[in-house]
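K.L.:
I'd like to ask you about the structure that follows.
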Amino acid sequence: MSLNRILNIPALLWLAACASMPAPIPLALRSSDDFSLSGRVVVRQGDRAEVLRISWSHSGVEDRAHLETTLGQTVAEISLGDQGGSAILADGRHLAEENDAELARQLIGIPLPLHRFADWVRARSASGERGTTSHPLANFEDSGWTLAYQGWGEAPGGEQLPALIDARRGDLSVRLRVEKWSQGTP
């Protein structure tokens, strides 16, 4: 068996796990709320795929993310704000970009508009539309990406929050499975 096939086995196992129904998410979030989440993300371009663990916190106009391998090794610490974003890589290098999509391209190989992430994970389009399972905004286009909400969890009070999100643009794909939501930031 070739090394490439061996390295793809964890990604295939993770994708199979994503096919199962996500667990309920115990939190209702309003657009003004600070929040944090953790989960797994698969970044795919063509036949290349990477599986990462993600912890994301959103507070006002600032976002912070910690990316690590499935084995727990830090890949990057990301900070985003009004003036763009920066990252500290595992090897100590610093990256800074005014354009957050360029920062994402340098980090994960695809130009993902990171400034839209806080809305995307709450099923909000740039126009402010919001989806729930009772009135699904199951798919929408935003910043050149098509987002599909494929799994939902029920929060207290009956509000639904996304638990499985697929963002695509051409042969680029980012699939996020939210495992835990928290109100406020850590």
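Each chain in the structure tokens gets a letter, A, B, ..., in the order shown, and its residues are numbered from 1; ligands are numbered from 1 in order too.
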Which residues of segment 50-82 of chain A come within 8 Å of segment 107-127 of chain A, and what is each one's closest atom pair and distance in Å (one decimal), counting only C-alpha atoms, sorted by chain and residue number, as JSON lines?

P.N.:
```
{"residue": "A:His58", "atom": "CA", "partner": "A:Ala118", "partner_atom": "CA", "distance": 6.7}
{"residue": "A:Asp63", "atom": "CA", "partner": "A:Ala118", "partner_atom": "CA", "distance": 8.0}
{"residue": "A:Ala76", "atom": "CA", "partner": "A:Leu107", "partner_atom": "CA", "distance": 7.8}
{"residue": "A:Leu80", "atom": "CA", "partner": "A:His115", "partner_atom": "CA", "distance": 7.4}
```

K.L.:
What's around Gly85 of chain A at 10 Å? Count only C-alpha atoms, leave out sequence neighbours fewer than 6 positions away in its own chain, and write the answer as a VMD selection string.

P.N.:
chain A and resid 62 to 64 78 to 79 95 to 104 114 to 115

K.L.:
Excluding same-chain residues fewer than 6 positions from Glu68 of chain A, what lies within 10 Å of it counting only C-alpha atoms, as a PyMOL selection string?

P.N.:
chain A and resi 40+51-55+74-77+90

K.L.:
Could you state the separation of atom CA of Val43 of chain A and atom CA of Leu172 of chain A in Å, given to one decimal place?

P.N.:
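About the pair atom CA of Val43 of chain A and atom CA of Leu172 of chain A: they are 7.7 Å apart.
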